[in-house]
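Dumped my_file21.cif below, it's mmCIF, C-alpha atoms:
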data_protein
#
loop_
_atom_site.label_atom_id
_atom_site.label_comp_id
_atom_site.auth_asym_id
_atom_site.auth_seq_id
_atom_site.Cartn_x
_atom_site.Cartn_y
_atom_site.Cartn_z
CA MET Z 1 12.14 -19.00 13.19
CA ARG Z 2 13.19 -19.09 9.56
CA GLU Z 3 13.78 -15.96 7.58
CA GLY Z 4 10.90 -14.65 5.50
CA SER Z 5 10.85 -14.80 1.73
CA LEU Z 6 12.49 -11.95 -0.17
CA GLU Z 7 10.51 -12.68 -3.32
CA ALA Z 8 7.34 -10.88 -4.40
CA PRO Z 9 4.15 -12.29 -2.82
CA VAL Z 10 2.28 -14.87 -4.86
CA ARG Z 11 -1.37 -15.54 -4.18
CA HIS Z 12 -2.74 -19.03 -4.67
CA PRO Z 13 -6.26 -19.58 -6.06
CA LEU Z 14 -9.11 -20.25 -3.66
CA ASP Z 15 -9.72 -23.97 -3.94
CA TRP Z 16 -13.36 -23.60 -2.93
CA GLN Z 17 -14.63 -26.11 -5.49
CA SER Z 18 -12.65 -28.88 -3.80
CA PRO Z 19 -14.19 -30.96 -0.96
CA TRP Z 20 -11.01 -30.30 1.05
CA PHE Z 21 -11.86 -26.59 1.28
CA TRP Z 22 -15.09 -27.35 3.17
CA ASP Z 23 -13.67 -29.98 5.53
CA GLU Z 24 -13.97 -28.50 9.03
CA GLY Z 25 -11.25 -30.72 10.45
CA ALA Z 26 -8.78 -29.66 7.77
CA LEU Z 27 -9.78 -26.02 8.27
CA GLU Z 28 -9.21 -26.23 12.02
CA LYS Z 29 -5.74 -27.72 11.51
CA GLU Z 30 -4.83 -24.98 9.03
CA MET Z 31 -6.02 -22.27 11.42
CA GLU Z 32 -3.92 -23.84 14.19
CA ARG Z 33 -0.87 -23.89 11.91
CA VAL Z 34 -1.22 -20.28 10.76
CA PHE Z 35 -2.19 -18.91 14.18
CA ASP Z 36 0.88 -20.54 15.71
CA ILE Z 37 3.09 -18.87 13.08
CA CYS Z 38 1.41 -15.52 13.80
CA HIS Z 39 1.92 -16.05 17.54
CA GLY Z 40 5.64 -16.58 17.02
CA CYS Z 41 6.00 -13.53 14.79
CA ARG Z 42 3.49 -10.88 16.00
CA ARG Z 43 4.55 -8.44 13.30
CA CYS Z 44 0.90 -7.59 12.52
CA PHE Z 45 -0.04 -6.65 16.09
CA ASN Z 46 -1.09 -3.12 15.09
CA LEU Z 47 -2.82 -3.76 11.76
CA CYS Z 48 -6.38 -4.59 12.80
CA ASP Z 49 -8.27 -6.11 15.71
CA SER Z 50 -7.87 -9.73 14.55
CA PHE Z 51 -4.29 -9.98 15.73
CA PRO Z 52 -4.73 -8.37 19.18
CA ARG Z 53 -7.67 -10.73 19.72
CA LEU Z 54 -5.55 -13.73 18.77
CA PHE Z 55 -2.60 -12.69 20.90
CA ASP Z 56 -4.82 -11.88 23.90
CA LEU Z 57 -6.46 -15.30 23.64
CA ILE Z 58 -3.03 -16.92 23.69
CA ASP Z 59 -1.48 -14.73 26.40
CA ASN Z 60 -4.49 -15.01 28.70
CA GLY Z 61 -4.82 -18.76 28.21
CA PRO Z 62 -3.62 -21.37 30.72
CA THR Z 63 -0.46 -22.32 28.77
CA GLY Z 64 0.52 -19.05 27.11
CA GLU Z 65 0.60 -20.94 23.82
CA LEU Z 66 -1.96 -21.68 21.13
CA ASP Z 67 -2.82 -25.04 22.66
CA GLY Z 68 -4.43 -23.14 25.53
CA VAL Z 69 -6.97 -21.44 23.24
CA LYS Z 70 -10.39 -23.03 22.81
CA LYS Z 71 -11.11 -23.93 19.19
CA GLU Z 72 -14.51 -22.23 19.37
CA ASP Z 73 -12.70 -18.95 20.14
CA PHE Z 74 -11.01 -19.03 16.73
CA ALA Z 75 -14.22 -17.48 15.37
CA ARG Z 76 -13.56 -14.34 17.41
CA VAL Z 77 -10.36 -13.78 15.45
CA GLU Z 78 -12.12 -14.29 12.12
CA ALA Z 79 -14.96 -11.94 13.10
CA ALA Z 80 -12.52 -9.03 13.36
CA CYS Z 81 -10.99 -9.55 9.90
CA THR Z 82 -12.13 -7.01 7.29
CA LEU Z 83 -10.30 -8.77 4.40
CA CYS Z 84 -8.26 -5.62 3.83
CA ASP Z 85 -5.29 -7.79 2.71
CA MET Z 86 -2.73 -5.53 4.39
CA CYS Z 87 -1.19 -8.35 6.44
CA PHE Z 88 -0.63 -10.32 3.24
CA MET Z 89 0.59 -7.36 1.16
CA THR Z 90 2.68 -5.31 3.57
CA LYS Z 91 3.57 -7.20 6.75
CA CYS Z 92 3.75 -10.97 6.63
CA PRO Z 93 7.16 -12.40 5.67
CA TYR Z 94 5.73 -15.91 5.31
CA VAL Z 95 3.37 -15.47 2.38
CA PRO Z 96 3.88 -17.62 -0.74
CA PRO Z 97 6.35 -18.39 -2.26
CA HIS Z 98 7.68 -18.96 1.27
CA GLU Z 99 7.22 -22.62 2.13
CA TRP Z 100 4.93 -21.78 5.05
CA ALA Z 101 2.49 -20.19 2.55
CA VAL Z 102 0.59 -18.01 5.02
CA ASP Z 103 -2.45 -16.21 3.58
CA PHE Z 104 -4.29 -14.97 6.66
CA PRO Z 105 -7.11 -13.08 4.86
CA HIS Z 106 -8.02 -16.00 2.63
CA LEU Z 107 -7.89 -18.34 5.61
CA MET Z 108 -10.39 -16.09 7.40
CA LEU Z 109 -12.49 -16.05 4.23
CA ARG Z 110 -12.42 -19.84 4.14
CA HIS Z 111 -13.64 -20.01 7.76
CA ARG Z 112 -16.41 -17.54 6.90
CA ALA Z 113 -17.41 -19.54 3.83
CA VAL Z 114 -17.52 -22.83 5.76
CA GLN Z 115 -19.69 -21.28 8.47
CA ALA Z 116 -21.97 -19.68 5.87
CA ARG Z 117 -22.52 -23.04 4.18
CA LYS Z 118 -23.05 -24.80 7.51
CA LYS Z 119 -25.34 -22.28 9.22
CA GLY Z 120 -26.60 -20.11 6.37
CA ILE Z 121 -26.14 -16.36 6.03
CA ASP Z 122 -28.09 -14.11 8.37
CA PHE Z 123 -31.08 -12.48 6.65
CA VAL Z 124 -30.01 -8.94 7.57
CA ASP Z 125 -26.43 -9.57 6.40
CA ALA Z 126 -27.66 -11.03 3.12
CA THR Z 127 -30.02 -8.08 2.60
CA LEU Z 128 -27.29 -5.50 3.23
CA ALA Z 129 -24.93 -7.37 0.88
CA ASP Z 130 -27.50 -7.23 -1.94
CA THR Z 131 -26.29 -3.78 -2.92
CA ASP Z 132 -28.14 -3.70 -6.23
CA ARG Z 133 -31.53 -4.25 -4.61
CA MET Z 134 -30.71 -1.89 -1.75
CA GLY Z 135 -29.34 0.66 -4.19
CA ARG Z 136 -32.39 0.64 -6.45
CA LEU Z 137 -34.70 0.94 -3.46
CA GLY Z 138 -32.58 3.65 -1.85
CA SER Z 139 -32.36 5.71 -5.03
CA PHE Z 140 -36.10 5.40 -5.66
CA THR Z 141 -36.83 6.65 -2.13
CA ALA Z 142 -33.69 8.80 -1.72
CA GLY Z 143 -35.28 11.55 0.35
CA LEU Z 144 -36.89 9.16 2.80
CA ALA Z 145 -33.91 6.77 2.87
CA ASN Z 146 -31.41 9.55 3.57
CA TRP Z 147 -33.61 11.00 6.32
CA ALA Z 148 -34.02 7.61 7.98
CA SER Z 149 -30.31 6.73 7.84
CA ASP Z 150 -28.93 10.07 9.07
CA GLU Z 151 -26.94 9.51 12.28
CA LYS Z 152 -28.70 12.52 13.83
CA ASN Z 153 -32.11 10.88 13.39
CA THR Z 154 -32.93 9.90 16.96
CA LEU Z 155 -36.17 8.26 15.86
CA MET Z 156 -34.99 5.86 13.18
CA ARG Z 157 -31.37 5.10 14.00
CA PRO Z 158 -32.07 3.34 17.32
CA ALA Z 159 -34.54 1.12 15.47
CA LEU Z 160 -31.94 0.42 12.77
CA GLU Z 161 -29.48 -0.55 15.47
CA ARG Z 162 -31.96 -2.85 17.18
CA TYR Z 163 -33.25 -4.66 14.11
CA ALA Z 164 -30.32 -4.46 11.67
CA GLY Z 165 -27.36 -4.28 14.04
CA ILE Z 166 -26.10 -0.99 12.56
CA HIS Z 167 -24.60 1.28 15.22
CA HIS Z 168 -26.73 4.35 15.81
CA GLY Z 169 -23.73 6.67 15.50
CA ALA Z 170 -22.14 5.23 12.36
CA ARG Z 171 -22.26 7.53 9.36
CA LEU Z 172 -23.94 5.76 6.47
CA PRO Z 173 -23.68 6.56 2.75
CA ARG Z 174 -26.42 8.67 1.24
CA PHE Z 175 -28.40 7.63 -1.82
CA ALA Z 176 -28.59 9.59 -5.05
CA GLY Z 177 -32.05 10.20 -6.45
CA GLU Z 178 -30.59 9.76 -9.94
CA THR Z 179 -28.22 6.87 -10.62
CA PHE Z 180 -24.91 7.48 -12.35
CA GLN Z 181 -26.14 5.60 -15.41
CA MET Z 182 -29.17 7.88 -15.57
CA ARG Z 183 -27.06 10.98 -15.00
CA ALA Z 184 -24.60 10.00 -17.72
CA ALA Z 185 -27.42 9.31 -20.18
CA ARG Z 186 -29.06 12.66 -19.36
CA GLN Z 187 -25.81 14.59 -19.76
CA GLY Z 188 -24.93 12.83 -22.99
CA ALA Z 189 -21.45 12.30 -24.38
CA ALA Z 190 -18.62 13.85 -22.39
CA VAL Z 191 -16.50 15.06 -25.32
CA ASN Z 192 -14.02 17.89 -25.60
CA ASP Z 193 -13.52 18.39 -29.31
CA SER Z 194 -10.53 20.65 -28.75
CA ALA Z 195 -8.69 18.12 -26.56
CA PRO Z 196 -5.81 16.14 -28.04
CA ALA Z 197 -6.82 12.62 -29.00
CA PHE Z 198 -3.87 10.91 -27.26
CA GLY Z 199 -3.99 7.96 -29.60
CA LYS Z 200 -7.80 7.92 -29.45
CA ARG Z 201 -7.97 6.14 -26.10
CA LYS Z 202 -11.37 4.81 -25.18
CA ALA Z 203 -12.53 3.66 -21.77
CA VAL Z 204 -15.56 2.00 -20.22
CA LEU Z 205 -16.40 3.19 -16.73
CA TYR Z 206 -17.60 0.26 -14.64
CA ALA Z 207 -19.87 2.35 -12.45
CA THR Z 208 -19.77 0.07 -9.37
CA CYS Z 209 -22.76 -0.12 -7.05
CA PHE Z 210 -21.49 2.68 -4.82
CA VAL Z 211 -20.94 5.23 -7.59
CA ASN Z 212 -24.10 4.21 -9.42
CA PHE Z 213 -26.45 4.47 -6.44
CA ASN Z 214 -24.65 6.66 -3.93
CA SER Z 215 -21.83 8.95 -5.07
CA THR Z 216 -22.50 9.81 -8.69
CA ASP Z 217 -20.18 12.83 -8.48
CA ILE Z 218 -17.20 10.45 -8.60
CA GLY Z 219 -18.35 9.13 -11.94
CA ALA Z 220 -19.19 12.58 -13.30
CA ALA Z 221 -15.74 13.89 -12.31
CA THR Z 222 -14.06 10.91 -13.98
CA ARG Z 223 -15.96 11.48 -17.21
CA ALA Z 224 -15.10 15.19 -17.17
CA VAL Z 225 -11.38 14.64 -16.53
CA LEU Z 226 -11.08 11.97 -19.21
CA ALA Z 227 -13.04 14.00 -21.76
CA HIS Z 228 -10.78 16.97 -21.07
CA ASN Z 229 -7.88 14.69 -21.93
CA GLY Z 230 -9.48 13.42 -25.12
CA VAL Z 231 -10.61 10.02 -23.85
CA GLU Z 232 -13.93 8.72 -25.13
CA THR Z 233 -15.95 7.07 -22.35
CA GLU Z 234 -18.95 4.82 -21.96
CA VAL Z 235 -20.74 3.97 -18.71
CA VAL Z 236 -21.65 0.34 -17.99
CA TYR Z 237 -23.20 -1.20 -14.90
CA PRO Z 238 -24.49 -4.76 -15.26
CA ALA Z 239 -24.31 -5.62 -11.54
CA CYS Z 240 -22.28 -5.40 -8.32
CA CYS Z 241 -18.82 -6.99 -8.40
CA GLY Z 242 -19.75 -9.18 -5.43
CA MET Z 243 -17.35 -7.76 -2.85
CA PRO Z 244 -20.07 -7.46 -0.13
CA LYS Z 245 -20.96 -11.14 -0.64
CA PHE Z 246 -17.27 -12.04 -0.80
CA GLU Z 247 -16.94 -10.58 2.70
CA LEU Z 248 -19.73 -12.90 3.86
CA GLY Z 249 -18.05 -15.96 2.38
CA ASP Z 250 -20.71 -16.46 -0.31
CA LEU Z 251 -18.25 -17.60 -2.97
CA GLU Z 252 -20.88 -19.04 -5.30
CA ALA Z 253 -22.54 -15.62 -5.49
CA VAL Z 254 -19.16 -14.01 -6.19
CA ALA Z 255 -18.52 -16.47 -9.01
CA ASP Z 256 -21.95 -15.66 -10.48
CA ALA Z 257 -21.20 -11.92 -10.28
CA ALA Z 258 -17.84 -12.44 -11.97
CA ARG Z 259 -19.44 -14.30 -14.87
CA ARG Z 260 -22.24 -11.77 -15.29
CA VAL Z 261 -20.17 -8.60 -15.08
CA SER Z 262 -17.31 -9.93 -17.20
CA ALA Z 263 -19.78 -10.95 -19.91
CA ALA Z 264 -20.93 -7.32 -20.10
CA LEU Z 265 -17.46 -5.72 -19.95
CA LEU Z 266 -15.36 -7.99 -22.17
CA PRO Z 267 -17.08 -7.07 -25.46
CA TRP Z 268 -15.97 -3.48 -24.81
CA ALA Z 269 -12.40 -4.62 -24.17
CA ASP Z 270 -12.54 -6.55 -27.45
CA LYS Z 271 -13.42 -3.26 -29.16
CA GLY Z 272 -10.31 -1.60 -27.76
CA TYR Z 273 -11.78 0.02 -24.66
CA ASP Z 274 -9.89 0.10 -21.38
CA ILE Z 275 -11.93 -0.89 -18.32
CA ILE Z 276 -11.92 1.53 -15.37
CA ALA Z 277 -13.35 0.55 -12.00
CA LEU Z 278 -14.39 3.64 -10.06
CA THR Z 279 -13.78 2.31 -6.54
CA PRO Z 280 -10.71 0.39 -5.33
CA SER Z 281 -12.61 -2.56 -3.85
CA CYS Z 282 -14.20 -3.25 -7.22
CA ALA Z 283 -10.91 -2.80 -9.07
CA LEU Z 284 -9.37 -5.31 -6.65
CA MET Z 285 -12.14 -7.80 -7.40
CA LEU Z 286 -11.78 -7.50 -11.18
CA LYS Z 287 -8.00 -7.52 -11.18
CA PHE Z 288 -7.17 -10.08 -8.51
CA GLU Z 289 -9.97 -11.75 -6.57
CA TRP Z 290 -12.13 -12.96 -9.48
CA PRO Z 291 -9.20 -14.80 -11.13
CA LEU Z 292 -8.52 -16.47 -7.76
CA VAL Z 293 -12.16 -17.49 -7.32
CA LEU Z 294 -12.40 -18.87 -10.89
CA PRO Z 295 -8.75 -19.56 -11.75
CA ARG Z 296 -9.38 -21.55 -14.91
CA ASP Z 297 -11.52 -18.92 -16.61
CA PRO Z 298 -9.49 -17.21 -19.37
CA GLN Z 299 -12.17 -14.55 -19.76
CA LEU Z 300 -11.55 -13.27 -16.25
CA GLU Z 301 -7.82 -13.21 -16.84
CA ARG Z 302 -8.35 -11.10 -19.97
CA LEU Z 303 -10.57 -8.71 -18.05
CA SER Z 304 -8.01 -8.49 -15.25
CA GLN Z 305 -5.35 -7.37 -17.72
CA ALA Z 306 -7.65 -4.73 -19.23
CA THR Z 307 -8.78 -3.19 -15.91
CA PHE Z 308 -7.47 0.02 -14.33
CA ASP Z 309 -8.13 1.80 -11.07
CA VAL Z 310 -9.27 5.34 -11.89
CA ALA Z 311 -6.21 7.10 -10.42
CA GLU Z 312 -3.96 4.50 -12.04
CA TYR Z 313 -5.54 5.35 -15.40
CA VAL Z 314 -4.98 9.10 -15.12
CA VAL Z 315 -1.35 8.52 -14.13
CA ASP Z 316 -0.97 6.19 -17.11
CA ILE Z 317 -2.21 8.94 -19.44
CA ALA Z 318 0.20 11.41 -17.85
CA LYS Z 319 3.18 9.08 -18.29
CA LYS Z 320 2.43 7.92 -21.82
CA HIS Z 321 0.98 11.07 -23.38
CA GLY Z 322 1.12 13.98 -20.98
CA LEU Z 323 -1.97 15.64 -19.54
CA ALA Z 324 -4.03 18.37 -21.13
CA PRO Z 325 -3.10 21.81 -19.74
CA GLY Z 326 -5.23 23.77 -17.31
CA LEU Z 327 -4.53 22.27 -13.88
CA ALA Z 328 -4.58 24.94 -11.17
CA PRO Z 329 -3.26 24.60 -7.60
CA LEU Z 330 -5.53 23.40 -4.81
CA GLU Z 331 -5.10 25.98 -2.07
CA GLY Z 332 -4.53 24.58 1.40
CA GLY Z 333 -3.16 21.24 0.27
CA VAL Z 334 -4.49 17.68 0.35
CA SER Z 335 -4.12 14.79 2.79
CA VAL Z 336 -4.69 11.62 0.77
CA HIS Z 337 -5.60 8.44 2.60
CA LEU Z 338 -4.33 5.39 0.74
CA ALA Z 339 -7.19 2.91 0.92
CA CYS Z 340 -6.31 -0.68 1.81
CA HIS Z 341 -7.94 -2.12 -1.31
CA ALA Z 342 -5.96 0.33 -3.45
CA ARG Z 343 -2.73 -0.70 -1.76
CA ALA Z 344 -3.67 -4.36 -2.20
CA GLN Z 345 -3.70 -3.85 -5.98
CA ASN Z 346 0.10 -3.64 -5.79
CA MET Z 347 0.22 -0.67 -8.18
CA GLY Z 348 1.84 1.94 -5.96
CA ALA Z 349 0.29 5.03 -4.37
CA LYS Z 350 -1.52 6.13 -7.53
CA ALA Z 351 -3.94 8.54 -5.85
CA ALA Z 352 -1.04 10.50 -4.33
CA GLU Z 353 0.88 10.26 -7.61
CA MET Z 354 -2.12 11.66 -9.49
CA LEU Z 355 -2.66 14.53 -7.08
CA ARG Z 356 1.03 15.45 -7.25
CA LEU Z 357 0.48 16.19 -10.93
CA ILE Z 358 -1.46 19.28 -9.80
CA PRO Z 359 1.02 22.19 -9.70
CA GLU Z 360 1.95 23.95 -6.47
CA THR Z 361 -0.24 21.69 -4.35
CA ARG Z 362 1.01 20.13 -1.12
CA VAL Z 363 0.11 16.46 -0.97
CA ALA Z 364 0.53 14.57 2.31
CA VAL Z 365 0.01 10.80 2.47
CA ILE Z 366 -1.80 8.86 5.19
CA GLU Z 367 -0.91 5.15 5.22
CA ARG Z 368 -2.91 4.12 8.28
CA CYS Z 369 -6.17 2.19 8.20
CA SER Z 370 -9.33 4.31 8.38
CA GLY Z 371 -10.96 1.53 10.40
CA HIS Z 372 -14.19 1.26 8.45
CA GLY Z 373 -13.85 -2.21 6.83
CA GLY Z 374 -16.97 -1.78 4.66
CA ILE Z 375 -20.16 -2.58 6.52
CA TRP Z 376 -17.99 -4.15 9.26
CA GLY Z 377 -17.18 -0.80 10.87
CA ALA Z 378 -20.80 0.32 10.92
CA ARG Z 379 -22.00 -2.67 12.91
CA LYS Z 380 -23.07 -2.21 16.51
CA ASP Z 381 -20.43 -4.63 17.78
CA ASN Z 382 -17.60 -3.08 15.74
CA PHE Z 383 -18.15 0.68 15.49
CA GLU Z 384 -16.16 1.62 18.60
CA THR Z 385 -13.28 -0.59 17.43
CA ALA Z 386 -13.50 1.00 13.98
CA VAL Z 387 -13.20 4.45 15.56
CA LYS Z 388 -10.22 3.31 17.66
CA VAL Z 389 -8.45 1.83 14.64
CA GLY Z 390 -9.13 4.99 12.61
CA LYS Z 391 -7.84 7.47 15.18
CA PRO Z 392 -4.17 7.35 14.12
CA ALA Z 393 -5.23 8.15 10.54
CA ALA Z 394 -7.44 10.98 11.82
CA GLN Z 395 -4.62 12.37 13.93
CA ALA Z 396 -2.31 12.23 10.91
CA ALA Z 397 -4.84 14.23 8.88
CA LEU Z 398 -5.13 16.84 11.63
CA LYS Z 399 -1.36 17.08 11.93
CA ASN Z 400 -1.08 17.60 8.16
CA ASN Z 401 -3.38 20.62 8.53
CA THR Z 402 -4.64 20.52 4.94
CA ARG Z 403 -7.85 21.95 3.58
CA TYR Z 404 -8.82 18.69 1.93
CA VAL Z 405 -8.83 15.11 3.19
CA THR Z 406 -9.50 12.52 0.53
CA SER Z 407 -9.55 8.75 0.15
CA GLU Z 408 -9.80 6.49 -2.88
CA CYS Z 409 -12.42 4.50 -0.95
CA PRO Z 410 -15.55 6.65 -0.45
CA LEU Z 411 -16.67 4.64 2.58
CA ALA Z 412 -13.23 4.94 4.17
CA GLY Z 413 -13.28 8.67 3.46
CA GLU Z 414 -16.61 9.22 5.17
CA HIS Z 415 -15.63 7.13 8.18
CA LEU Z 416 -12.31 8.95 8.43
CA MET Z 417 -14.09 12.30 8.32
CA GLN Z 418 -16.35 11.20 11.15
CA VAL Z 419 -13.38 10.08 13.25
CA ILE Z 420 -11.64 13.38 12.51
CA GLU Z 421 -14.69 15.27 13.77
CA MET Z 422 -14.73 13.12 16.90
CA THR Z 423 -10.97 13.60 17.41
CA ASP Z 424 -10.53 17.28 16.53
CA GLU Z 425 -10.59 19.41 19.66
CA GLN Z 426 -9.67 22.61 17.85
CA HIS Z 427 -13.13 23.01 16.30
CA ARG Z 428 -11.81 24.43 13.06
CA PRO Z 429 -14.16 27.05 11.56
CA GLU Z 430 -13.81 25.52 8.08
CA PRO Z 431 -14.72 21.82 8.11
CA PHE Z 432 -12.66 19.24 6.32
CA ARG Z 433 -14.10 18.08 3.04
CA ALA Z 434 -14.23 14.38 2.16
CA ARG Z 435 -14.03 13.92 -1.59
CA HIS Z 436 -12.60 11.35 -3.94
CA PRO Z 437 -9.17 12.20 -5.46
CA ILE Z 438 -10.66 12.30 -8.97
CA GLU Z 439 -13.14 14.94 -7.79
CA LEU Z 440 -10.28 17.10 -6.53
CA PHE Z 441 -8.48 16.55 -9.84
CA ALA Z 442 -11.59 17.74 -11.68
CA ASP Z 443 -11.69 20.78 -9.36
CA ALA Z 444 -8.09 21.59 -10.30
CA TYR Z 445 -9.15 21.56 -13.95
CA GLY Z 446 -12.13 23.78 -13.16
CA LEU Z 447 -14.50 21.07 -14.39
CA THR Z 448 -16.81 20.94 -11.36
CA SER Z 449 -19.10 23.58 -9.99
#

Starting from the file, lay out its structure as structure tokens.
Amino acid sequence: MREGSLEAPVRHPLDWQSPWFWDEGALEKEMERVFDICHGCRRCFNLCDSFPRLFDLIDNGPTGELDGVKKEDFARVEAACTLCDMCFMTKCPYVPPHEWAVDFPHLMLRHRAVQARKKGIDFVDATLADTDRMGRLGSFTAGLANWASDEKNTLMRPALERYAGIHHGARLPRFAGETFQMRAARQGAAVNDSAPAFGKRKAVLYATCFVNFNSTDIGAATRAVLAHNGVETEVVYPACCGMPKFELGDLEAVADAARRVSAALLPWADKGYDIIALTPSCALMLKFEWPLVLPRDPQLERLSQATFDVAEYVVDIAKKHGLAPGLAPLEGGVSVHLACHARAQNMGAKAAEMLRLIPETRVAVIERCSGHGGIWGARKDNFETAVKVGKPAAQAALKNNTRYVTSECPLAGEHLMQVIEMTDEQHRPEPFRARHPIELFADAYGLTS
């Protein structure tokens, strides 16, 4: 086997507007080519369940090679892919510019897109991926929705498993009765007149569907930290970035989301505002995936260059201007889980870098997958696998023995906390707390109650 490329990975655009992309024969040949390369390498055996499934199919087949695997079984490999991008970013030596040009996640996405066009998207899947509609409904009925979705609800959760395919034990996000947009409008401008201006930086917070409808504290903490450091902020939420529909292979819907959201955000960038995405999956979409879905759109390229992950932005302030004083140690230390979609942004471990700016605070890093994979890990067929994949990360958190466990991805954080509770046999009297790194940073400033 040839040596892998030593150059930085290069991602090619998704050629989904070409007839070739949708040709099932061409897709099957490409899957055979890439799967055979993976079989010969096996470097990604411990990343997710896609690769063990592939290797088991080969090893248990009649020939011990890929030609012994039934083509219809290729779908089993794709079904386990969460599009975390870690094989592309951290493991595979054959990604472009290597001549073999392996992009396993985008190949799985292509298979998903072809099947979605051929068979249609399941009604339940499409409903769950419509996060704006679900979010508005959930926020409007927050009390009832949170009661019904609680994993301890033995009345409703079995029904949710039966009719929606959501595992009865999976911890689901709670809804906020007041959206982040509403909360920001009620609280008014987050301005600290005594803070240094730092060149009068201004930023727009792209709320994201999760922060807007579920975890508004992340947005409030971001506003408070930035105001304390003299950054003027505005809150904007035109629509979801399309990541849930991206995971279903609905590329047309993703393109529509890119056009709609970019049209709302770019005028702010033109006025000198930086764009901050409050969750890593959304930052990944704005920075990298949208320009690959619509590669000839200069507007998306401009937005990509103006977009920051929230931890990346705080670190940028610290490096260029220095932070406002007042950070106090976080007693007991922090274990920070580096979310896959943060790592896929190729910006470094910014959450850990940000938390290390807090004086006299022990920061331990967890670089193992939490196992959640978005809605993937909550599904009835996947939850046990998600728990298995997340156990090494949970064991690392327990070994670190810190007061706080945090993840840039709120869904990963909640799943990781659940796996920790299932793994921890010491029954610690003080439970771990799952919070976003920016919330802990706001705590260190004394900005949260």

- Expected selection from the PyMOL selection byres ((chain Z and resi 208) around 8), given as a list in words: Tyr206, Ala207, Cys209, Phe210, Val211, Asn212, Tyr237, Ala239, Cys240, Cys241, Ala277, Leu278, Thr279 and Cys282 of chain Z

- Query: Which one of Z:Asp103, Z:Asp130, Z:Glu65, Z:Glu408 sits closest to Ser335 (chain Z) if you count all atoms listed in the file?
  - Reply: Z:Glu408

- Message: From (-19.2, -6.7, -4.4), in the file's coordinates, out to 8 Å: which residues are reached, counting all atoms listed in the file? Answer as an MDAnalysis selection string.
- Response: chainID Z and resid 129 131 209 240:246 254 281:282 285

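The gap separating CA of Ser370 (chain Z) from CA of Cys41 (chain Z) is 24.4 Å, in Å to one decimal.
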
- Z:Ala311, Z:Val419, Z:Ala79, Z:Ala342: which is nearest Ile276 (chain Z), counting only C-alpha atoms? Z:Ala311

- Determine the residue set returned by the PyMOL selection byres ((chain Z and resi 330) around 8) for the present structure, and present it as an MDAnalysis selection string. chainID Z and resid 328:329 331:334 358 360:361 444

- Query: CA of Leu83 (chain Z) and CA of Ala170 (chain Z), how far apart in Å?
  - Reply: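 Calculated distance between CA of Ala170 (chain Z) and CA of Leu83 (chain Z) is 20.0 Å.
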
- Message: Residues near Lys391 (chain Z), anyone? I mean within 12 Å using all atoms listed in the file, not counting same-chain ones fewer than 4 positions away, as a ChimeraX atom specification.
- Response: /Z:366,368-372,384-387,395-398,415-424

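Using all atoms listed in the file, the nearest neighbour of Gly249 (chain Z) within the list Z:Lys71, Z:Arg296, Z:His12, Z:Lys119 is Z:Lys119.
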
- Message: Ranking Z:Ser18, Z:Asn400, Z:Ser50, Z:Thr222 by minimum distance to Asn382 (chain Z) and counting only C-alpha atoms, which one comes first?
- Response: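 Closest to Asn382 (chain Z) of all the choices is Z:Ser50.
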
- Query: Just how far from CA of Phe123 (chain Z) is CA of Ala80 (chain Z), in Å to one decimal?
  - Reply: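 Separation of CA of Ala80 (chain Z) and CA of Phe123 (chain Z): 20.0 Å.
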
- Task: With the file shown as input, list the residues that the PyMOL selection byres ((chain Z and resi 76) around 12) selects, as a ChimeraX atom specification.
- Result: /Z:49-57,69-75,77-81,108,111-112,381

- Tell me which protein, DNA and RNA residues are within 9 Å of Leu265 (chain Z), counting only C-alpha atoms, leaving out same-chain ones fewer than 6 positions away, and put them as a PyMOL selection string. chain Z and resi 204+206+236-238+275+303

- Would you mind telling me which residue in Z:Trp100, Z:Phe441, Z:Phe21, Z:Trp16 lies nearest to Leu294 (chain Z) when using all atoms listed in the file?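 The closest residue to Leu294 (chain Z) is Z:Trp16.
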
- Message: Report as a list in words all protein, DNA and RNA residues lying within 9 Å of Arg343 (chain Z), evaluated on all atoms listed in the file, omitting residues in the same chain fewer than 3 positions from it.
- Response: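 Counting only the stated atoms, we get Asp85, Met86, Met89, Thr90, Pro280, Leu338, Ala339, Cys340, Asn346, Met347, Gly348 and Ala349 of chain Z.
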
- Of the candidates Z:Arg379, Z:Arg174, Z:Arg259, Z:Arg435, which one gets nearest to His337 (chain Z) if we count all atoms listed in the file? Z:Arg435

- Counting only C-alpha atoms, what is within 12 Å of Lys350 (chain Z), bar same-chain residues fewer than 5 positions away, as a ChimeraX atom specification? /Z:280,308-316,318,336-339,342-345,355-357,365,407-408,437-438

- Query: Contacts of His436 (chain Z) at 8 Å or less, counting all atoms listed in the file, minus same-chain residues fewer than 3 places along, as a ChimeraX atom specification?
  - Reply: /Z:218,406-410,413,439-440

Report the centre and edge lengths, in Å to one decimal, of an axis-aligned box enclosing every atom of region 149-158 of chain Z listed in the file, padded by 3 Å on each side, as lines of an AutoDock Vina configuration file.
center_x = -31.6
center_y = 7.9
center_z = 12.6
size_x = 15.2
size_y = 15.2
size_z = 15.5
